[in-house]
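Content type mmCIF, C-alpha atoms, from the file query_37.cif:
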data_data
#
loop_
_atom_site.label_atom_id
_atom_site.label_comp_id
_atom_site.auth_asym_id
_atom_site.auth_seq_id
_atom_site.Cartn_x
_atom_site.Cartn_y
_atom_site.Cartn_z
CA MET F 1 -4.80 -5.78 -17.46
CA SER F 2 -2.86 -8.67 -18.94
CA GLU F 3 -4.56 -12.03 -18.56
CA THR F 4 -1.44 -14.09 -19.04
CA ILE F 5 0.85 -12.70 -16.34
CA LYS F 6 -0.01 -14.04 -12.91
CA ASN F 7 2.59 -12.95 -10.42
CA THR F 8 1.85 -14.20 -6.93
CA THR F 9 1.94 -11.66 -4.11
CA LEU F 10 2.33 -12.11 -0.38
CA LEU F 11 0.74 -9.27 1.58
CA ILE F 12 2.06 -8.96 5.14
CA PHE F 13 0.17 -7.07 7.83
CA ARG F 14 2.29 -5.95 10.78
CA GLN F 15 0.44 -2.91 12.13
CA PRO F 16 -2.38 -2.97 14.68
CA PRO F 17 -5.66 -1.45 13.51
CA TYR F 18 -6.45 2.24 14.20
CA THR F 19 -3.02 3.47 15.39
CA SER F 20 -2.27 4.52 11.82
CA SER F 21 -4.04 4.34 8.49
CA LEU F 22 -1.52 1.85 7.16
CA SER F 23 -3.46 -1.23 8.30
CA ARG F 24 -6.47 0.01 6.38
CA SER F 25 -4.40 0.76 3.27
CA GLY F 26 -3.05 -2.78 3.39
CA LEU F 27 -6.50 -4.26 3.70
CA ASP F 28 -7.73 -2.12 0.79
CA THR F 29 -4.84 -3.46 -1.28
CA ALA F 30 -5.92 -7.02 -0.47
CA LEU F 31 -9.50 -6.24 -1.52
CA ALA F 32 -8.29 -4.67 -4.77
CA ALA F 33 -6.12 -7.70 -5.56
CA GLY F 34 -9.12 -9.94 -4.89
CA ALA F 35 -11.39 -7.80 -7.05
CA PHE F 36 -8.96 -8.09 -9.96
CA GLU F 37 -8.56 -11.82 -9.36
CA GLN F 38 -4.83 -11.65 -8.78
CA PRO F 39 -3.26 -14.41 -6.70
CA VAL F 40 -2.48 -13.07 -3.21
CA SER F 41 -1.76 -14.64 0.16
CA LEU F 42 -2.36 -12.76 3.41
CA LEU F 43 -0.05 -13.11 6.41
CA PHE F 44 -0.61 -11.42 9.77
CA LEU F 45 2.54 -10.90 11.80
CA SER F 46 3.23 -9.38 15.20
CA GLU F 47 0.57 -6.85 16.29
CA GLY F 48 -0.90 -7.04 12.81
CA LEU F 49 -2.95 -10.01 13.95
CA LEU F 50 -4.87 -7.68 16.28
CA GLN F 51 -6.60 -6.56 13.07
CA LEU F 52 -8.34 -9.92 13.03
CA LEU F 53 -9.98 -9.86 16.46
CA PRO F 54 -13.75 -10.10 15.95
CA GLN F 55 -14.65 -8.21 19.15
CA GLN F 56 -13.04 -4.93 18.13
CA ASP F 57 -15.23 -1.85 18.49
CA SER F 58 -14.09 1.31 16.75
CA SER F 59 -17.22 3.38 17.36
CA GLY F 60 -15.51 5.55 20.01
CA LEU F 61 -12.72 6.38 17.58
CA GLY F 62 -14.99 7.54 14.79
CA LYS F 63 -13.30 5.07 12.44
CA ARG F 64 -14.73 2.34 10.26
CA ASN F 65 -14.60 -1.05 11.99
CA HIS F 66 -11.61 -2.89 10.60
CA GLY F 67 -13.02 -6.29 11.57
CA LYS F 68 -16.19 -5.68 9.58
CA VAL F 69 -14.16 -4.92 6.46
CA LEU F 70 -12.25 -8.14 7.02
CA THR F 71 -15.45 -10.14 6.92
CA SER F 72 -15.86 -9.08 3.28
CA LEU F 73 -12.61 -10.81 2.26
CA PRO F 74 -14.33 -14.14 1.40
CA LEU F 75 -16.48 -12.26 -1.15
CA TYR F 76 -13.21 -11.61 -3.00
CA ASP F 77 -12.13 -15.25 -2.72
CA LEU F 78 -9.66 -14.39 0.02
CA GLU F 79 -10.58 -17.24 2.35
CA THR F 80 -7.34 -18.04 4.13
CA LEU F 81 -5.78 -15.71 6.68
CA TRP F 82 -2.31 -16.89 7.67
CA VAL F 83 -1.33 -15.98 11.22
CA ASP F 84 2.14 -16.19 12.71
CA ALA F 85 1.78 -18.78 15.49
CA GLU F 86 4.54 -17.23 17.63
CA SER F 87 3.00 -13.76 17.49
CA LEU F 88 -0.37 -15.19 18.44
CA ASP F 89 1.16 -16.90 21.45
CA GLU F 90 3.14 -13.81 22.50
CA LEU F 91 0.02 -11.67 22.44
CA GLY F 92 -1.85 -14.22 24.56
CA PHE F 93 -4.46 -15.23 22.03
CA GLY F 94 -5.41 -18.58 20.54
CA LEU F 95 -6.75 -19.69 17.20
CA SER F 96 -10.26 -19.81 18.70
CA ASP F 97 -10.09 -16.01 19.20
CA LEU F 98 -9.70 -15.47 15.47
CA PRO F 99 -12.27 -15.54 12.67
CA GLU F 100 -13.01 -18.53 10.50
CA GLY F 101 -10.37 -18.82 7.82
CA ALA F 102 -7.44 -18.09 10.16
CA ARG F 103 -4.66 -20.67 9.88
CA LEU F 104 -1.49 -20.94 11.93
CA ALA F 105 1.85 -20.54 10.20
CA ASP F 106 5.09 -21.56 11.91
CA ARG F 107 8.41 -19.90 11.11
CA LYS F 108 9.32 -22.57 8.57
CA LEU F 109 6.11 -22.07 6.64
CA ILE F 110 6.59 -18.29 6.77
CA GLU F 111 10.08 -18.68 5.33
CA GLU F 112 8.63 -20.81 2.54
CA MET F 113 5.92 -18.23 1.84
CA LEU F 114 8.51 -15.44 1.63
CA ALA F 115 10.56 -17.50 -0.81
CA SER F 116 7.77 -18.80 -3.02
CA HIS F 117 5.87 -15.60 -3.89
CA ASP F 118 6.95 -13.32 -6.75
CA HIS F 119 6.26 -10.17 -4.71
CA VAL F 120 6.21 -9.46 -0.98
CA VAL F 121 4.49 -6.27 0.16
CA ALA F 122 4.45 -5.44 3.86
CA PHE F 123 2.19 -2.91 5.56
CA MET T 1 14.26 -5.33 -15.64
CA LYS T 2 10.82 -3.82 -15.14
CA TYR T 3 10.37 -2.16 -11.74
CA SER T 4 7.49 -0.59 -9.88
CA LEU T 5 7.73 1.25 -6.60
CA LEU T 6 5.22 1.47 -3.77
CA VAL T 7 5.79 4.57 -1.64
CA LEU T 8 4.15 4.57 1.79
CA SER T 9 6.29 7.28 3.42
CA ALA T 10 5.18 10.90 3.60
CA PRO T 11 7.52 13.35 1.87
CA ASP T 12 8.18 15.30 5.09
CA THR T 13 8.75 12.41 7.52
CA GLY T 14 11.88 10.29 7.76
CA SER T 15 13.89 9.44 4.67
CA GLY T 16 11.81 6.75 2.93
CA ASN T 17 10.31 9.04 0.32
CA LEU T 18 13.68 10.59 -0.62
CA THR T 19 15.30 7.15 -0.76
CA ALA T 20 12.53 6.03 -3.11
CA VAL T 21 13.06 8.87 -5.59
CA ARG T 22 16.84 8.40 -5.48
CA PHE T 23 16.31 4.71 -6.22
CA ALA T 24 13.96 5.57 -9.08
CA GLU T 25 16.50 8.00 -10.58
CA SER T 26 19.20 5.36 -10.28
CA LEU T 27 17.31 2.53 -11.91
CA VAL T 28 16.28 4.73 -14.85
CA ALA T 29 19.92 5.89 -15.21
CA GLN T 30 21.02 2.25 -15.35
CA GLY T 31 18.64 1.51 -18.18
CA HIS T 32 15.94 -0.35 -16.29
CA LYS T 33 12.28 0.28 -17.00
CA LEU T 34 10.25 2.11 -14.35
CA TYR T 35 6.74 0.84 -14.99
CA ARG T 36 4.89 2.80 -12.30
CA VAL T 37 5.28 4.53 -8.95
CA PHE T 38 2.26 4.11 -6.70
CA PHE T 39 1.87 6.40 -3.68
CA LEU T 40 -0.33 4.90 -0.99
CA ASP T 41 -1.35 5.94 2.52
CA ARG T 42 0.90 8.80 3.80
CA GLY T 43 2.88 8.57 0.58
CA ALA T 44 0.00 10.20 -1.30
CA ALA T 45 0.89 13.57 0.27
CA THR T 46 3.84 13.63 -2.18
CA GLY T 47 1.47 15.02 -4.82
CA LEU T 48 0.12 17.89 -2.70
CA SER T 49 0.76 21.20 -4.44
CA SER T 50 -0.05 23.44 -1.45
CA ALA T 51 2.67 22.06 0.86
CA VAL T 52 5.53 24.52 1.38
CA VAL T 53 8.97 23.05 2.03
CA PRO T 54 11.50 25.20 3.96
CA GLN T 55 14.04 26.72 1.60
CA ASP T 56 17.00 24.95 3.16
CA GLU T 57 15.38 21.52 2.84
CA GLN T 58 15.12 19.18 -0.14
CA ASN T 59 11.76 19.35 -1.90
CA VAL T 60 11.21 15.65 -2.61
CA SER T 61 8.02 16.23 -4.60
CA ASP T 62 10.01 18.35 -7.08
CA LEU T 63 12.43 15.44 -7.61
CA TRP T 64 9.51 13.17 -8.44
CA ALA T 65 8.00 15.76 -10.77
CA SER T 66 11.35 16.06 -12.64
CA LEU T 67 11.46 12.30 -12.99
CA ALA T 68 8.00 12.39 -14.58
CA GLU T 69 8.97 15.28 -16.84
CA GLN T 70 12.32 13.90 -18.00
CA HIS T 71 11.57 10.19 -18.19
CA GLY T 72 7.80 10.02 -18.43
CA ALA T 73 7.60 8.16 -15.11
CA GLU T 74 4.02 7.33 -14.17
CA LEU T 75 3.28 8.73 -10.70
CA ILE T 76 -0.06 7.56 -9.30
CA LEU T 77 -1.57 8.67 -6.00
CA CYS T 78 -4.10 6.29 -4.43
CA ILE T 79 -7.38 8.18 -4.66
CA ALA T 80 -8.64 7.25 -1.18
CA SER T 81 -5.33 8.23 0.45
CA ALA T 82 -5.09 11.41 -1.63
CA LEU T 83 -8.58 12.65 -0.72
CA ARG T 84 -7.96 12.10 3.00
CA GLN T 85 -4.85 14.26 2.77
CA GLY T 86 -6.36 17.04 0.71
CA VAL T 87 -4.87 16.14 -2.68
CA LEU T 88 -7.58 16.76 -5.28
CA ASP T 89 -7.32 16.85 -9.05
CA ASP T 90 -9.68 18.99 -11.13
CA SER T 91 -12.50 16.47 -11.23
CA GLU T 92 -12.32 15.65 -7.50
CA ALA T 93 -12.16 19.36 -6.64
CA ALA T 94 -15.34 19.85 -8.67
CA ARG T 95 -17.00 16.79 -7.13
CA TYR T 96 -16.35 17.98 -3.56
CA GLU T 97 -16.97 21.65 -4.37
CA HIS T 98 -13.42 22.62 -3.50
CA PRO T 99 -12.22 25.90 -5.03
CA SER T 100 -9.25 24.43 -6.89
CA SER T 101 -7.08 21.42 -7.62
CA THR T 102 -4.24 20.73 -5.16
CA LEU T 103 -2.45 18.21 -7.37
CA LEU T 104 1.14 18.80 -8.43
CA PRO T 105 1.87 18.56 -12.17
CA GLY T 106 3.40 15.20 -13.06
CA PHE T 107 1.16 13.27 -10.64
CA GLU T 108 -2.15 11.55 -11.31
CA ILE T 109 -4.86 10.24 -9.00
CA GLY T 110 -6.00 6.64 -9.52
CA GLY T 111 -7.43 3.54 -7.90
CA LEU T 112 -5.72 0.63 -6.17
CA GLY T 113 -6.32 -1.43 -9.30
CA LEU T 114 -3.29 0.37 -10.72
CA LEU T 115 -1.15 -0.99 -7.87
CA VAL T 116 -2.53 -4.47 -8.49
CA GLU T 117 -1.73 -4.08 -12.18
CA ALA T 118 1.82 -2.97 -11.31
CA LEU T 119 2.24 -6.15 -9.24
CA ALA T 120 1.06 -8.23 -12.19
CA GLU T 121 3.22 -6.48 -14.79
CA SER T 122 6.49 -5.82 -12.93
CA ASP T 123 9.46 -8.09 -12.33
CA ARG T 124 10.15 -6.30 -9.05
CA LEU T 125 8.05 -4.16 -6.76
CA LEU T 126 9.91 -2.33 -4.01
CA THR T 127 8.18 -0.81 -1.01
CA PHE T 128 9.49 2.33 0.71
CA GLY T 129 8.22 3.09 4.19
CA GLY T 130 5.55 1.36 6.21
#
Could you render the structure from this file as structure tokens?
Amino acid sequence: MSETIKNTTLLIFRQPPYTSSLSRSGLDTALAAGAFEQPVSLLFLSEGLLQLLPQQDSSGLGKRNHGKVLTSLPLYDLETLWVDAESLDELGFGLSDLPEGARLADRKLIEEMLASHDHVVAF
Amino acid sequence: MKYSLLVLSAPDTGSGNLTAVRFAESLVAQGHKLYRVFFLDRGAATGLSSAVVPQDEQNVSDLWASLAEQHGAELILCIASALRQGVLDDSEAARYEHPSSTLLPGFEIGGLGLLVEALAESDRLLTFGG
């Protein structure tokens, strides 16, 4: 992989965990980008922020716990989890419900993030 | 311009997968460079050789395979997504003691690092489906 090219990528997560495999594929992409030390930002929009809830229990579904995978993000230097403030409010949660590293993004900041990254990939 | 495509749509659901291959054909025809097509999640079923498409429907996987054959397009299926959907190349078939490969010619199985590399190397990455 080229060392000189450093495109920045914004990964957007819109899907709740477990209803489809897409949320997991998105998270795997984030981990891969972290493993290869590529600059990525993570933004959780709409029901995608349900992926972040620490109390989730997937044992009855026979699926790997999405929240537990998320806790490995800091190992890949993915410390900051941007969360759409409006979505959080609409779903009735607050910042205190989310893991350490979650930061609120208002619509203006989201617009800036969309404009400033070289690539935007939404899951 | 150097493009890569990320295909999340299954070949038999909706129109995302067909739109992606039409886009790929178009950009190659216009002289752009297609660096890589990465099939992730449900998109990985595009490389399944044992799927049978009704005769009066478009076989999208065949369009992709022609693109690989005629233009050397690199078609990569995410390995984790592929295995979940029964797409195995020779070495994975051997590893999981499956009687045979189920990978269509023209496609390869690879890791997500190849998607990350496509993001690093391409001017544009377009996502289809999701």
| CA of Pro99 in chain F to CA of Gly111 in chain T, straight-line distance in Å |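 Atom-to-atom, CA of Gly111 in chain T and CA of Pro99 in chain F are spaced 28.5 Å apart.
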Using only C-alpha atoms, what does the table of chain F residues within 9 Å of chain T look like, with each row giving the shortest atom pair and its distance in Å to one decimal, sorted by chain and ascending number, as a tab-separated table?
residue	atom	partner	partner_atom	distance
F:Met1	CA	T:Glu117	CA	6.3
F:Ser2	CA	T:Glu121	CA	7.7
F:Ile5	CA	T:Ala120	CA	6.1
F:Lys6	CA	T:Ala120	CA	6.0
F:Asn7	CA	T:Ala120	CA	5.3
F:Thr8	CA	T:Ala120	CA	8.0
F:Thr9	CA	T:Leu119	CA	7.5
F:Gln15	CA	T:Gly130	CA	8.9
F:Ser21	CA	T:Asp41	CA	6.7
F:Leu22	CA	T:Asp41	CA	6.2
F:Arg24	CA	T:Asp41	CA	8.7
F:Ser25	CA	T:Asp41	CA	6.1
F:Gly26	CA	T:Asp41	CA	8.9
F:Asp28	CA	T:Leu112	CA	7.7
F:Thr29	CA	T:Leu112	CA	6.4
F:Ala32	CA	T:Gly113	CA	5.9
F:Ala33	CA	T:Val116	CA	5.6
F:Ala35	CA	T:Gly113	CA	8.4
F:Phe36	CA	T:Gly113	CA	7.2
F:Gln38	CA	T:Val116	CA	7.5
F:Asp118	CA	T:Asp123	CA	8.0
F:His119	CA	T:Leu125	CA	6.6
F:Val120	CA	T:Leu125	CA	8.1
F:Val121	CA	T:Thr127	CA	6.7
F:Ala122	CA	T:Gly130	CA	7.3
F:Phe123	CA	T:Gly130	CA	5.5
| message | To test your reading of the syntax: which residues would the PyMOL selection byres ((chain F and resi 111-114) around 10) return for the file shown? Reply as a PyMOL selection string. | response | chain F and resi 9-12+41+43+105-110+115-120
| field | Residues matched by the PyMOL selection byres ((chain F and resi 78) around 10) as a list of chain:residue names | value |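 Output from the PyMOL selection byres ((chain F and resi 78) around 10), applied to this file: F:Ala30, F:Leu31, F:Ala33, F:Gly34, F:Ala35, F:Glu37, F:Pro39, F:Val40, F:Ser41, F:Leu42, F:Leu70, F:Thr71, F:Ser72, F:Leu73, F:Pro74, F:Leu75, F:Tyr76, F:Asp77, F:Glu79, F:Thr80, F:Leu81, F:Gly101.
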| request: Tell me which protein, DNA and RNA residues are within 9 Å of range 55-67 of chain F, counting only C-alpha atoms, leaving out same-chain ones fewer than 3 positions away, and put them as a PyMOL selection string. | output: chain F and resi 17-18+23-24+27+50-52+70-71
| query | Expressed in Å to a single decimal, how great is the separation between CA of Gly16 in chain T and CA of Leu88 in chain F? | reply |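 Interatomic distance, CA of Gly16 in chain T to CA of Leu88 in chain F: 29.5 Å.
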| query | How many Å separate CA of Leu83 in chain T from CA of Val21 in chain T? | reply |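 About the pair CA of Leu83 in chain T and CA of Val21 in chain T: they are 22.5 Å apart.
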| request: Using the chain letters and numbers from the file, give me the residues hit by the PyMOL selection byres ((chain T and resi 10) around 8), as JSON, numbers by chain. | output: {"T": [8, 9, 11, 12, 13, 14, 16, 17, 42, 43, 44, 45, 46]}
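Taking all atoms listed in the file into account, Phe38 in chain T lies nearest to T:Ala20 out of the set T:Ala20, T:Gly86, T:His98, T:Pro105.
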| request: Can you work out which one of T:Phe23, T:Phe39, T:Phe107, T:Tyr3 has the shortest atom-to-atom distance to Ala68 in chain T, counting all atoms listed in the file? | output: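 Answer, going by the shortest atom-to-atom distance: T:Phe107.
If only C-alpha atoms are the atoms counted, then among T:Leu18, T:Ile109, T:Leu77, T:Val37 the closest residue to Leu63 in chain T is T:Leu18.
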